[in-house]
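Here is the file upload-v3.cif (mmCIF, C-alpha atoms and all ligand atoms).
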data_start
loop_
_atom_site.group_PDB
_atom_site.id
_atom_site.type_symbol
_atom_site.label_atom_id
_atom_site.label_comp_id
_atom_site.auth_asym_id
_atom_site.auth_seq_id
_atom_site.Cartn_x
_atom_site.Cartn_y
_atom_site.Cartn_z
ATOM 1 C CA MET A 1 198.693 183.684 260.014
ATOM 2 C CA ARG A 2 197.829 181.932 263.164
ATOM 3 C CA ASN A 3 200.027 181.980 266.155
ATOM 4 C CA ARG A 4 201.310 178.435 266.269
ATOM 5 C CA SER A 5 202.778 178.727 269.712
ATOM 6 C CA THR A 6 199.369 179.747 271.028
ATOM 7 C CA ILE A 7 197.799 176.719 269.405
ATOM 8 C CA LEU A 8 200.461 174.447 270.786
ATOM 9 C CA LEU A 9 200.065 175.994 274.216
ATOM 10 C CA PHE A 10 196.332 175.416 274.084
ATOM 11 C CA ALA A 11 196.871 171.860 272.967
ATOM 12 C CA LEU A 12 199.435 171.295 275.687
ATOM 13 C CA LEU A 13 197.143 172.727 278.338
ATOM 14 C CA THR A 14 194.314 170.584 277.046
ATOM 15 C CA CYS A 15 196.527 167.542 277.238
ATOM 16 C CA ILE A 16 197.467 168.335 280.798
ATOM 17 C CA ILE A 17 193.847 168.961 281.766
ATOM 18 C CA LEU A 18 192.542 165.792 280.221
ATOM 19 C CA SER A 19 195.679 163.682 280.753
ATOM 20 C CA ALA A 20 194.838 162.012 277.508
ATOM 21 C CA CYS A 21 197.601 162.935 275.088
ATOM 22 C CA GLY A 22 200.636 161.005 273.981
ATOM 23 C CA GLY A 23 200.546 157.253 273.957
ATOM 24 C CA GLN A 24 200.747 154.885 271.101
ATOM 25 C CA GLY A 25 200.596 155.944 267.492
ATOM 26 C CA ALA A 26 198.688 154.162 264.800
ATOM 27 C CA THR A 27 200.534 151.877 262.412
ATOM 28 C CA VAL A 28 200.651 152.967 258.820
ATOM 29 C CA THR A 29 198.599 151.590 255.994
ATOM 30 C CA SER A 30 197.812 153.330 252.767
ATOM 31 C CA THR A 31 194.662 155.096 251.701
ATOM 32 C CA SER A 32 192.764 153.001 249.221
ATOM 33 C CA GLN A 33 189.570 153.076 247.243
ATOM 34 C CA ILE A 34 186.707 151.203 248.843
ATOM 35 C CA PRO A 35 186.028 148.114 246.756
ATOM 36 C CA PRO A 36 182.569 148.207 245.164
ATOM 37 C CA THR A 37 181.328 145.367 247.338
ATOM 38 C CA GLU A 38 181.786 147.563 250.413
ATOM 39 C CA LEU A 39 179.412 150.127 248.986
ATOM 40 C CA VAL A 40 176.348 147.911 248.866
ATOM 41 C CA SER A 41 174.012 147.052 251.692
ATOM 42 C CA PRO A 42 176.086 145.622 254.510
ATOM 43 C CA LEU A 43 173.138 143.426 255.403
ATOM 44 C CA SER A 44 173.044 141.654 252.057
ATOM 45 C CA PRO A 45 175.197 138.517 251.910
ATOM 46 C CA LEU A 46 174.841 138.345 248.114
ATOM 47 C CA ALA A 47 175.908 141.891 247.517
ATOM 48 C CA THR A 48 176.317 143.128 243.977
ATOM 49 C CA PRO A 49 178.194 146.329 243.083
ATOM 50 C CA LEU A 50 176.232 149.541 242.876
ATOM 51 C CA GLU A 51 175.946 151.136 239.483
ATOM 52 C CA SER A 52 178.112 154.219 239.148
ATOM 53 C CA PRO A 53 176.474 156.996 241.115
ATOM 54 C CA ILE A 54 174.708 159.487 238.856
ATOM 55 C CA PRO A 55 175.806 163.049 239.636
ATOM 56 C CA THR A 56 172.835 164.844 241.120
ATOM 57 C CA LEU A 57 171.546 168.012 239.478
ATOM 58 C CA ILE A 58 172.646 171.223 241.128
ATOM 59 C CA ALA A 59 169.551 172.646 242.790
ATOM 60 C CA PHE A 60 169.188 174.410 246.105
ATOM 61 C CA GLU A 61 167.513 172.280 248.688
ATOM 62 C CA PRO A 62 167.577 173.269 252.338
ATOM 63 C CA PHE A 63 169.079 170.933 254.911
ATOM 64 C CA ASP A 64 166.239 168.781 256.277
ATOM 65 C CA GLY A 65 166.469 167.851 259.977
ATOM 66 C CA GLY A 66 163.942 165.057 259.440
ATOM 67 C CA LYS A 67 166.198 163.403 256.872
ATOM 68 C CA ALA A 68 169.159 163.824 259.207
ATOM 69 C CA MET A 69 167.181 162.033 261.943
ATOM 70 C CA GLU A 70 166.660 159.133 259.515
ATOM 71 C CA PHE A 71 170.431 158.927 259.056
ATOM 72 C CA ALA A 72 170.854 158.933 262.844
ATOM 73 C CA ARG A 73 168.263 156.161 263.268
ATOM 74 C CA ASP A 74 169.941 154.079 260.564
ATOM 75 C CA GLN A 75 173.184 154.189 262.572
ATOM 76 C CA MET A 76 171.413 153.358 265.828
ATOM 77 C CA ASP A 77 169.883 150.288 264.159
ATOM 78 C CA PHE A 78 173.393 148.784 264.004
ATOM 79 C CA GLY A 79 173.602 148.962 267.828
ATOM 80 C CA PRO A 80 176.677 150.298 269.686
ATOM 81 C CA ARG A 81 179.478 150.918 267.140
ATOM 82 C CA PRO A 82 182.868 150.764 268.868
ATOM 83 C CA THR A 83 186.041 150.673 266.782
ATOM 84 C CA GLY A 84 186.825 147.183 265.527
ATOM 85 C CA SER A 85 183.306 145.813 266.082
ATOM 86 C CA GLU A 86 181.132 144.305 263.357
ATOM 87 C CA ALA A 87 178.580 147.095 263.969
ATOM 88 C CA GLY A 88 181.367 149.621 263.452
ATOM 89 C CA ARG A 89 182.366 147.969 260.186
ATOM 90 C CA LEU A 90 178.745 147.944 258.987
ATOM 91 C CA THR A 91 178.352 151.609 259.947
ATOM 92 C CA GLY A 92 181.431 152.544 257.924
ATOM 93 C CA ALA A 93 180.020 150.664 254.920
ATOM 94 C CA TYR A 94 176.641 152.364 255.388
ATOM 95 C CA ILE A 95 178.252 155.830 255.429
ATOM 96 C CA ALA A 96 180.279 155.007 252.311
ATOM 97 C CA ARG A 97 177.216 153.701 250.488
ATOM 98 C CA ARG A 98 175.178 156.811 251.274
ATOM 99 C CA LEU A 99 177.968 159.137 250.149
ATOM 100 C CA ALA A 100 178.300 157.274 246.847
ATOM 101 C CA GLU A 101 174.530 157.483 246.326
ATOM 102 C CA PHE A 102 174.772 161.251 246.777
ATOM 103 C CA GLY A 103 177.447 161.500 244.097
ATOM 104 C CA TRP A 104 180.603 161.833 246.203
ATOM 105 C CA GLN A 105 183.954 160.163 245.542
ATOM 106 C CA VAL A 106 184.520 157.879 248.510
ATOM 107 C CA GLU A 107 187.756 156.450 249.897
ATOM 108 C CA GLU A 108 188.514 154.479 252.985
ATOM 109 C CA GLN A 109 191.610 155.124 255.072
ATOM 110 C CA PRO A 110 192.327 151.942 257.020
ATOM 111 C CA PHE A 111 194.732 151.887 259.956
ATOM 112 C CA GLU A 112 195.391 149.848 263.029
ATOM 113 C CA TYR A 113 195.339 151.123 266.588
ATOM 114 C CA LEU A 114 196.416 148.963 269.536
ATOM 115 C CA ASP A 115 195.980 145.845 267.385
ATOM 116 C CA THR A 116 192.432 146.901 266.492
ATOM 117 C CA PRO A 117 191.455 147.423 262.838
ATOM 118 C CA ALA A 118 190.009 150.885 262.229
ATOM 119 C CA ARG A 119 189.224 153.047 259.225
ATOM 120 C CA ASN A 120 188.284 156.606 258.451
ATOM 121 C CA ILE A 121 185.766 157.130 255.642
ATOM 122 C CA LEU A 122 186.618 160.083 253.401
ATOM 123 C CA ALA A 123 184.620 161.687 250.596
ATOM 124 C CA ALA A 124 185.276 164.643 248.340
ATOM 125 C CA ARG A 125 183.594 166.693 245.670
ATOM 126 C CA GLY A 126 184.106 169.993 243.831
ATOM 127 C CA GLU A 127 187.018 172.189 242.769
ATOM 128 C CA GLY A 128 189.030 174.855 244.547
ATOM 129 C CA SER A 129 190.813 175.159 247.849
ATOM 130 C CA LEU A 130 189.980 172.381 250.265
ATOM 131 C CA ILE A 131 187.533 172.682 253.168
ATOM 132 C CA LEU A 132 187.318 169.721 255.531
ATOM 133 C CA LEU A 133 184.207 168.855 257.542
ATOM 134 C CA GLY A 134 184.511 166.050 260.093
ATOM 135 C CA ALA A 135 182.582 163.918 262.584
ATOM 136 C CA HIS A 136 183.407 160.681 264.411
ATOM 137 C CA TYR A 137 181.304 157.594 263.777
ATOM 138 C CA ASP A 138 182.644 155.231 266.434
ATOM 139 C CA THR A 139 180.947 154.988 269.823
ATOM 140 C CA ARG A 140 182.560 154.501 273.237
ATOM 141 C CA ARG A 141 183.060 150.869 274.147
ATOM 142 C CA ARG A 142 181.978 151.351 277.768
ATOM 143 C CA ALA A 143 179.579 153.823 279.377
ATOM 144 C CA ASP A 144 181.994 154.554 282.210
ATOM 145 C CA ARG A 145 179.943 157.524 283.453
ATOM 146 C CA ASP A 146 176.782 155.440 283.754
ATOM 147 C CA PRO A 147 175.604 155.382 287.385
ATOM 148 C CA ILE A 148 173.900 151.990 286.993
ATOM 149 C CA ASP A 149 175.846 149.873 284.533
ATOM 150 C CA PRO A 150 179.210 151.336 283.509
ATOM 151 C CA THR A 151 180.236 148.101 281.758
ATOM 152 C CA GLN A 152 177.646 148.467 278.967
ATOM 153 C CA PRO A 153 178.580 150.182 275.677
ATOM 154 C CA VAL A 154 177.396 153.731 274.884
ATOM 155 C CA PRO A 155 174.507 153.723 272.359
ATOM 156 C CA GLY A 156 175.918 156.936 270.860
ATOM 157 C CA ALA A 157 172.868 158.791 269.514
ATOM 158 C CA ASN A 158 174.373 162.185 270.263
ATOM 159 C CA ASP A 159 178.014 161.127 270.755
ATOM 160 C CA GLY A 160 178.540 159.559 267.332
ATOM 161 C CA ALA A 161 175.348 159.397 265.270
ATOM 162 C CA SER A 162 174.389 163.089 265.432
ATOM 163 C CA GLY A 163 177.522 164.493 263.781
ATOM 164 C CA VAL A 164 177.506 161.807 261.099
ATOM 165 C CA ALA A 165 173.817 162.457 260.410
ATOM 166 C CA VAL A 166 174.496 166.171 259.832
ATOM 167 C CA LEU A 167 177.355 165.460 257.433
ATOM 168 C CA LEU A 168 175.314 162.882 255.499
ATOM 169 C CA GLU A 169 172.380 165.263 255.077
ATOM 170 C CA LEU A 170 174.817 168.002 254.007
ATOM 171 C CA ALA A 171 176.275 165.547 251.501
ATOM 172 C CA ARG A 172 172.772 165.070 250.103
ATOM 173 C CA VAL A 173 171.735 168.731 249.791
ATOM 174 C CA LEU A 174 174.887 170.847 249.569
ATOM 175 C CA ASN A 175 175.351 172.840 246.367
ATOM 176 C CA VAL A 176 179.081 172.150 246.189
ATOM 177 C CA GLU A 177 179.540 174.201 243.020
ATOM 178 C CA ALA A 178 178.164 177.286 244.770
ATOM 179 C CA THR A 179 180.777 176.958 247.517
ATOM 180 C CA GLY A 180 183.647 177.523 245.076
ATOM 181 C CA HIS A 181 185.657 174.979 247.062
ATOM 182 C CA ARG A 182 186.588 171.351 247.062
ATOM 183 C CA ILE A 183 184.669 169.927 250.013
ATOM 184 C CA GLN A 184 186.024 166.927 251.869
ATOM 185 C CA LEU A 185 183.985 165.009 254.423
ATOM 186 C CA ALA A 186 185.802 162.892 257.011
ATOM 187 C CA PHE A 187 184.083 160.294 259.170
ATOM 188 C CA PHE A 188 186.623 159.476 261.869
ATOM 189 C CA ASP A 189 186.995 156.134 263.569
ATOM 190 C CA ALA A 190 188.652 155.554 266.982
ATOM 191 C CA GLU A 191 187.766 158.899 268.561
ATOM 192 C CA ASP A 192 185.964 157.834 271.672
ATOM 193 C CA ASN A 193 187.737 155.136 273.711
ATOM 194 C CA GLY A 194 190.055 157.568 275.478
ATOM 195 C CA ARG A 195 191.255 156.439 278.918
ATOM 196 C CA LEU A 196 189.746 152.970 278.465
ATOM 197 C CA ASP A 197 192.064 149.940 278.182
ATOM 198 C CA GLY A 198 195.091 152.100 277.394
ATOM 199 C CA TRP A 199 193.416 153.930 274.502
ATOM 200 C CA ASP A 200 194.014 157.555 273.676
ATOM 201 C CA TRP A 201 191.325 159.864 272.262
ATOM 202 C CA ILE A 202 191.083 160.988 268.607
ATOM 203 C CA ALA A 203 193.244 158.255 267.025
ATOM 204 C CA GLY A 204 191.408 158.441 263.679
ATOM 205 C CA SER A 205 191.746 162.188 263.164
ATOM 206 C CA ARG A 206 195.403 162.059 264.257
ATOM 207 C CA TYR A 207 195.976 159.377 261.652
ATOM 208 C CA MET A 208 194.300 161.449 258.954
ATOM 209 C CA ALA A 209 196.168 164.629 259.917
ATOM 210 C CA ASP A 210 199.476 162.696 259.842
ATOM 211 C CA HIS A 211 198.754 161.526 256.279
ATOM 212 C CA LEU A 212 197.345 164.612 254.553
ATOM 213 C CA GLN A 213 198.093 164.827 250.844
ATOM 214 C CA GLU A 214 196.750 168.384 250.744
ATOM 215 C CA ASN A 215 196.286 170.699 253.716
ATOM 216 C CA PRO A 216 192.704 171.899 254.102
ATOM 217 C CA SER A 217 192.339 175.679 254.230
ATOM 218 C CA LEU A 218 189.738 175.314 257.002
ATOM 219 C CA MET A 219 188.340 172.502 259.125
ATOM 220 C CA VAL A 220 184.991 172.284 260.936
ATOM 221 C CA LEU A 221 184.138 169.429 263.286
ATOM 222 C CA VAL A 222 180.618 168.546 264.418
ATOM 223 C CA ASP A 223 180.346 166.399 267.552
ATOM 224 C CA MET A 224 177.473 165.948 270.031
ATOM 225 C CA ILE A 225 175.307 168.538 268.277
ATOM 226 C CA GLY A 226 171.926 166.747 268.399
ATOM 227 C CA ASP A 227 170.804 167.357 272.003
ATOM 228 C CA ALA A 228 167.104 168.296 271.969
ATOM 229 C CA ASP A 229 168.038 170.824 274.685
ATOM 230 C CA GLN A 230 170.670 172.498 272.535
ATOM 231 C CA GLN A 231 173.131 175.204 273.594
ATOM 232 C CA ILE A 232 176.308 175.307 271.544
ATOM 233 C CA TYR A 233 178.917 177.579 273.117
ATOM 234 C CA TRP A 234 182.256 178.540 271.627
ATOM 235 C CA GLU A 235 184.947 175.937 272.277
ATOM 236 C CA SER A 236 188.159 177.522 273.482
ATOM 237 C CA ASN A 237 190.740 175.745 271.282
ATOM 238 C CA SER A 238 188.768 176.659 268.125
ATOM 239 C CA ASP A 239 189.921 179.335 265.679
ATOM 240 C CA PRO A 240 188.316 182.573 266.966
ATOM 241 C CA ALA A 241 187.641 184.197 263.577
ATOM 242 C CA LEU A 242 186.051 181.132 261.996
ATOM 243 C CA ARG A 243 184.080 180.435 265.170
ATOM 244 C CA GLU A 244 182.661 183.960 265.111
ATOM 245 C CA ARG A 245 181.692 183.723 261.434
ATOM 246 C CA LEU A 246 179.766 180.517 262.001
ATOM 247 C CA TRP A 247 177.965 181.810 265.089
ATOM 248 C CA THR A 248 177.042 185.035 263.258
ATOM 249 C CA ILE A 249 175.353 183.006 260.520
ATOM 250 C CA ALA A 250 173.518 180.906 263.120
ATOM 251 C CA ALA A 251 172.210 184.109 264.721
ATOM 252 C CA GLU A 252 171.171 185.462 261.324
ATOM 253 C CA LEU A 253 169.153 182.283 260.756
ATOM 254 C CA GLY A 254 167.338 182.890 264.050
ATOM 255 C CA TYR A 255 169.272 180.329 266.097
ATOM 256 C CA GLY A 256 170.955 182.800 268.441
ATOM 257 C CA ASP A 257 169.377 181.310 271.567
ATOM 258 C CA HIS A 258 171.013 177.975 270.748
ATOM 259 C CA PHE A 259 174.412 179.402 269.776
ATOM 260 C CA PRO A 260 175.578 181.628 272.661
ATOM 261 C CA PRO A 261 178.706 183.435 271.402
ATOM 262 C CA GLN A 262 180.805 182.819 274.509
ATOM 263 C CA VAL A 263 183.564 180.382 275.360
ATOM 264 C CA LYS A 264 182.534 177.632 277.750
ATOM 265 C CA HIS A 265 184.406 174.330 277.268
ATOM 266 C CA THR A 266 187.898 173.253 276.233
ATOM 267 C CA MET A 267 187.897 170.045 274.234
ATOM 268 C CA LEU A 268 190.481 167.547 273.106
ATOM 269 C CA ASP A 269 188.523 166.555 270.020
ATOM 270 C CA ASP A 270 189.096 165.690 266.357
ATOM 271 C CA HIS A 271 189.840 169.321 265.418
ATOM 272 C CA VAL A 272 193.046 169.403 267.525
ATOM 273 C CA PRO A 273 195.344 167.438 265.145
ATOM 274 C CA PHE A 274 194.472 169.966 262.408
ATOM 275 C CA LEU A 275 194.973 172.981 264.679
ATOM 276 C CA GLN A 276 198.381 171.560 265.557
ATOM 277 C CA ARG A 277 199.255 171.765 261.866
ATOM 278 C CA GLY A 278 198.274 175.429 261.699
ATOM 279 C CA ILE A 279 194.927 174.785 259.984
ATOM 280 C CA PRO A 280 192.132 177.042 261.308
ATOM 281 C CA ALA A 281 189.606 174.630 262.820
ATOM 282 C CA VAL A 282 186.425 174.871 264.871
ATOM 283 C CA ASP A 283 184.733 172.279 267.078
ATOM 284 C CA ILE A 284 180.961 172.721 267.035
ATOM 285 C CA ILE A 285 180.026 170.788 270.182
ATOM 286 C CA ASP A 286 177.285 171.015 272.790
ATOM 287 C CA PHE A 287 179.117 169.622 275.784
ATOM 288 C CA ASP A 288 176.269 170.295 278.252
ATOM 289 C CA TYR A 289 174.747 166.866 277.803
ATOM 290 C CA PRO A 290 173.836 164.922 280.940
ATOM 291 C CA TYR A 291 173.782 161.571 279.090
ATOM 292 C CA TRP A 292 177.401 161.849 277.912
ATOM 293 C CA HIS A 293 179.150 158.454 278.140
ATOM 294 C CA THR A 294 176.106 156.793 279.723
ATOM 295 C CA THR A 295 173.680 154.158 278.438
ATOM 296 C CA GLU A 296 171.067 156.935 278.198
ATOM 297 C CA ASP A 297 172.656 158.502 275.105
ATOM 298 C CA THR A 298 169.701 157.264 273.048
ATOM 299 C CA ILE A 299 167.764 158.507 270.014
ATOM 300 C CA ASP A 300 164.996 160.117 272.100
ATOM 301 C CA LYS A 301 167.550 162.600 273.496
ATOM 302 C CA ILE A 302 168.272 164.184 270.094
ATOM 303 C CA SER A 303 165.957 166.119 267.792
ATOM 304 C CA ALA A 304 165.498 166.953 264.120
ATOM 305 C CA ALA A 305 165.348 170.662 264.959
ATOM 306 C CA SER A 306 168.760 170.559 266.648
ATOM 307 C CA LEU A 307 170.384 168.711 263.750
ATOM 308 C CA GLU A 308 168.774 171.160 261.332
ATOM 309 C CA ARG A 309 170.126 174.268 263.085
ATOM 310 C CA VAL A 310 173.679 172.995 262.770
ATOM 311 C CA GLY A 311 173.200 171.682 259.243
ATOM 312 C CA ARG A 312 171.624 174.862 257.871
ATOM 313 C CA THR A 313 174.273 177.035 259.480
ATOM 314 C CA LEU A 314 176.989 175.010 257.748
ATOM 315 C CA GLN A 315 175.074 174.924 254.469
ATOM 316 C CA VAL A 316 174.543 178.692 254.350
ATOM 317 C CA TRP A 317 178.161 179.374 255.318
ATOM 318 C CA LEU A 318 179.457 177.019 252.623
ATOM 319 C CA GLU A 319 177.066 178.059 249.834
ATOM 320 C CA ARG A 320 178.069 181.695 250.376
ATOM 321 C CA GLY A 321 181.611 180.615 249.600
ATOM 322 C CA ALA A 322 182.693 179.948 253.202
ATOM 323 C CA PRO A 323 183.664 183.604 253.755
HETATM 324 ZN ZN ZN A 401 182.407 160.540 273.556
#
Can you dump the structure from the file as structure tokens?
Amino acid sequence: MRNRSTILLFALLTCIILSACGGQGATVTSTSQIPPTELVSPLSPLATPLESPIPTLIAFEPFDGGKAMEFARDQMDFGPRPTGSEAGRLTGAYIARRLAEFGWQVEEQPFEYLDTPARNILAARGEGSLILLGAHYDTRRRADRDPIDPTQPVPGANDGASGVAVLLELARVLNVEATGHRIQLAFFDAEDNGRLDGWDWIAGSRYMADHLQENPSLMVLVDMIGDADQQIYWESNSDPALRERLWTIAAELGYGDHFPPQVKHTMLDDHVPFLQRGIPAVDIIDFDYPYWHTTEDTIDKISAASLERVGRTLQVWLERGAP
């Protein structure tokens, strides 16, 4: 069992450090199936429903960083993707369409935050105890750390697209049956406007954690993992045992130089609402990124090799049964 008071203390300290906790809650709406018209190309005005996705054959295929980069580029083609924007809506539809193509059951979880429509995209597949993998797909509405133009939106190649790209490529290649688990993928909205216009951080993951129908046994978050100059340290709020298991697999795959097994940063990120419910959770995040919350967070700053290291680590861990 985890020590809940320790988790809560960590969370409290994090809140104090970042001064970003509390604030307004999201209003409640129910989880619903995405209507078929949402699953077709968002760019097609005469959309017709997709045929039922054909379950893909179970065959081992390694995570491909090049494919993940394609999924990152596809998101970047929508432009900046802040919560409530048309680009954000199109990105959500794109993610849902891809997941359905790869044979996953897709649901949307709409909610409202500070009068802004938002929605998490959820997908699941397989049987057994539940493992949740998450990433946020919204991008920050203003690049407030930009030295030249802090009023522009963040493009969000690393902070947004990279985590989603890894989960989409995992959705394509993962041998879910081999994991022995039910795998759920969560694409969170409303993560990244914290301390702008009265917004809090991580509204989408808080909403999901407040409306769980089944508690995941484990949760892993990927955020800002695409930096071409990649060093992913342990994050201090993360579950120590699960963190160590993941980093051990990364080292075994030859990625040790990119996964230093030492604590460096403390993050208020989408794993925290799950930790607060006693669910062991890890934030895989490379927070040493000079373009964070600037207009320079562009596709040239991330690399296929970086996405692949994270994706293969997760794939190997999961296909061994997530020990
Ligand atoms: Zn951010």
Q) Which residue out of A:Asp149, A:Gly88, A:Leu174, A:Ser205 has the minimum interatomic distance to A:Phe102 when only C-alpha atoms are used? A) A:Leu174
Q) Which protein, DNA or RNA residues have an atom within 9 Å of ligand ZN 401 (chain A), counting all atoms listed in the file, as a PyMOL selection string? A) chain A and resi 138-140+154+156+158-160+191-194+223-224+292-293
So which residues get picked by the PyMOL selection byres (((chain A and resi 309) around 10) and not hetatm) here, written as a PDB file with C-alpha atoms, in the frame of the given file?
ATOM      1  CA  PHE A  63     169.079 170.933 254.911  1.00  0.00           C
ATOM      2  CA  ASP A  64     166.239 168.781 256.277  1.00  0.00           C
ATOM      3  CA  GLY A  65     166.469 167.851 259.977  1.00  0.00           C
ATOM      4  CA  VAL A 166     174.496 166.171 259.832  1.00  0.00           C
ATOM      5  CA  ILE A 225     175.307 168.538 268.277  1.00  0.00           C
ATOM      6  CA  GLY A 226     171.926 166.747 268.399  1.00  0.00           C
ATOM      7  CA  GLN A 230     170.670 172.498 272.535  1.00  0.00           C
ATOM      8  CA  ALA A 250     173.518 180.906 263.120  1.00  0.00           C
ATOM      9  CA  LEU A 253     169.153 182.283 260.756  1.00  0.00           C
ATOM     10  CA  GLY A 254     167.338 182.890 264.050  1.00  0.00           C
ATOM     11  CA  TYR A 255     169.272 180.329 266.097  1.00  0.00           C
ATOM     12  CA  HIS A 258     171.013 177.975 270.748  1.00  0.00           C
ATOM     13  CA  PHE A 259     174.412 179.402 269.776  1.00  0.00           C
ATOM     14  CA  ALA A 304     165.498 166.953 264.120  1.00  0.00           C
ATOM     15  CA  ALA A 305     165.348 170.662 264.959  1.00  0.00           C
ATOM     16  CA  SER A 306     168.760 170.559 266.648  1.00  0.00           C
ATOM     17  CA  LEU A 307     170.384 168.711 263.750  1.00  0.00           C
ATOM     18  CA  GLU A 308     168.774 171.160 261.332  1.00  0.00           C
ATOM     19  CA  VAL A 310     173.679 172.995 262.770  1.00  0.00           C
ATOM     20  CA  GLY A 311     173.200 171.682 259.243  1.00  0.00           C
ATOM     21  CA  ARG A 312     171.624 174.862 257.871  1.00  0.00           C
ATOM     22  CA  THR A 313     174.273 177.035 259.480  1.00  0.00           C
ATOM     23  CA  LEU A 314     176.989 175.010 257.748  1.00  0.00           C
ATOM     24  CA  GLN A 315     175.074 174.924 254.469  1.00  0.00           C
TER      25      GLN A 315
END
Q: Please write as a ChimeraX atom specification the full residue list that the PyMOL selection byres (((chain A and resi 235-247) around 9) and not hetatm) yields on this file.
A: /A:2,7,10-11,14,218,220,232-234,248-252,255-256,259-268,271-272,275,279-285,313-314,317,323
Only C-alpha atoms, please: the residues just picked out, written as an mmCIF file, in the coordinates of the input.
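Saved file out-v6.cif follows:
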data_model
loop_
_atom_site.group_PDB
_atom_site.id
_atom_site.type_symbol
_atom_site.label_atom_id
_atom_site.label_comp_id
_atom_site.auth_asym_id
_atom_site.auth_seq_id
_atom_site.Cartn_x
_atom_site.Cartn_y
_atom_site.Cartn_z
ATOM 1 C CA ARG A 2 197.829 181.932 263.164
ATOM 2 C CA ILE A 7 197.799 176.719 269.405
ATOM 3 C CA PHE A 10 196.332 175.416 274.084
ATOM 4 C CA ALA A 11 196.871 171.860 272.967
ATOM 5 C CA THR A 14 194.314 170.584 277.046
ATOM 6 C CA LEU A 218 189.738 175.314 257.002
ATOM 7 C CA VAL A 220 184.991 172.284 260.936
ATOM 8 C CA ILE A 232 176.308 175.307 271.544
ATOM 9 C CA TYR A 233 178.917 177.579 273.117
ATOM 10 C CA TRP A 234 182.256 178.540 271.627
ATOM 11 C CA THR A 248 177.042 185.035 263.258
ATOM 12 C CA ILE A 249 175.353 183.006 260.520
ATOM 13 C CA ALA A 250 173.518 180.906 263.120
ATOM 14 C CA ALA A 251 172.210 184.109 264.721
ATOM 15 C CA GLU A 252 171.171 185.462 261.324
ATOM 16 C CA TYR A 255 169.272 180.329 266.097
ATOM 17 C CA GLY A 256 170.955 182.800 268.441
ATOM 18 C CA PHE A 259 174.412 179.402 269.776
ATOM 19 C CA PRO A 260 175.578 181.628 272.661
ATOM 20 C CA PRO A 261 178.706 183.435 271.402
ATOM 21 C CA GLN A 262 180.805 182.819 274.509
ATOM 22 C CA VAL A 263 183.564 180.382 275.360
ATOM 23 C CA LYS A 264 182.534 177.632 277.750
ATOM 24 C CA HIS A 265 184.406 174.330 277.268
ATOM 25 C CA THR A 266 187.898 173.253 276.233
ATOM 26 C CA MET A 267 187.897 170.045 274.234
ATOM 27 C CA LEU A 268 190.481 167.547 273.106
ATOM 28 C CA HIS A 271 189.840 169.321 265.418
ATOM 29 C CA VAL A 272 193.046 169.403 267.525
ATOM 30 C CA LEU A 275 194.973 172.981 264.679
ATOM 31 C CA ILE A 279 194.927 174.785 259.984
ATOM 32 C CA PRO A 280 192.132 177.042 261.308
ATOM 33 C CA ALA A 281 189.606 174.630 262.820
ATOM 34 C CA VAL A 282 186.425 174.871 264.871
ATOM 35 C CA ASP A 283 184.733 172.279 267.078
ATOM 36 C CA ILE A 284 180.961 172.721 267.035
ATOM 37 C CA ILE A 285 180.026 170.788 270.182
ATOM 38 C CA THR A 313 174.273 177.035 259.480
ATOM 39 C CA LEU A 314 176.989 175.010 257.748
ATOM 40 C CA TRP A 317 178.161 179.374 255.318
ATOM 41 C CA PRO A 323 183.664 183.604 253.755
#
**Q.** Interatomic distance, atom CA of A:Gly126 to atom CA of A:Glu177 (Å, one decimal)
**A.**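 We find that atom CA of A:Gly126 and atom CA of A:Glu177 lie 6.3 Å from each other.
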Using all atoms listed in the file, which residues of stretch 230-312 of chain A come within 12 Å of stretch 73-79 of chain A, and what is the closest atom pair for each, with the distance in Å to one decimal? Give it as CSV, sorted by chain and residue number.
residue,atom,partner,partner_atom,distance
A:Thr295,CA,A:Gly79,CA,11.8
A:Asp297,CA,A:Met76,CA,10.7
A:Thr298,CA,A:Met76,CA,8.4
A:Ile299,CA,A:Arg73,CA,7.2
A:Asp300,CA,A:Arg73,CA,10.2
A:Ile302,CA,A:Arg73,CA,10.5
A:Ser303,CA,A:Arg73,CA,11.2
A:Ala304,CA,A:Arg73,CA,11.2
Q | Separation of atom CA of A:Tyr291 from atom CA of A:Pro155, in Å and rounded to one decimal | A | 10.4 Å
Q) What gap, in Å, lies between atom CA of A:Ala96 and atom CA of A:Glu112? A)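 Interatomic distance here is 19.2 Å.
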Q) So which one's closest to A:Phe187, A:Glu61, A:Glu108, A:Glu169, A:Glu214? Using only C-alpha atoms, please. A)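 Among the listed residues, the smallest separation from A:Phe187 belongs to A:Glu108.
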Q) Could you spell out the hits of the PyMOL selection byres (((chain A and resi 184) around 7) and not hetatm) on the shown file, as a ChimeraX atom specification? A) /A:123-125,130-133,182-183,185-186
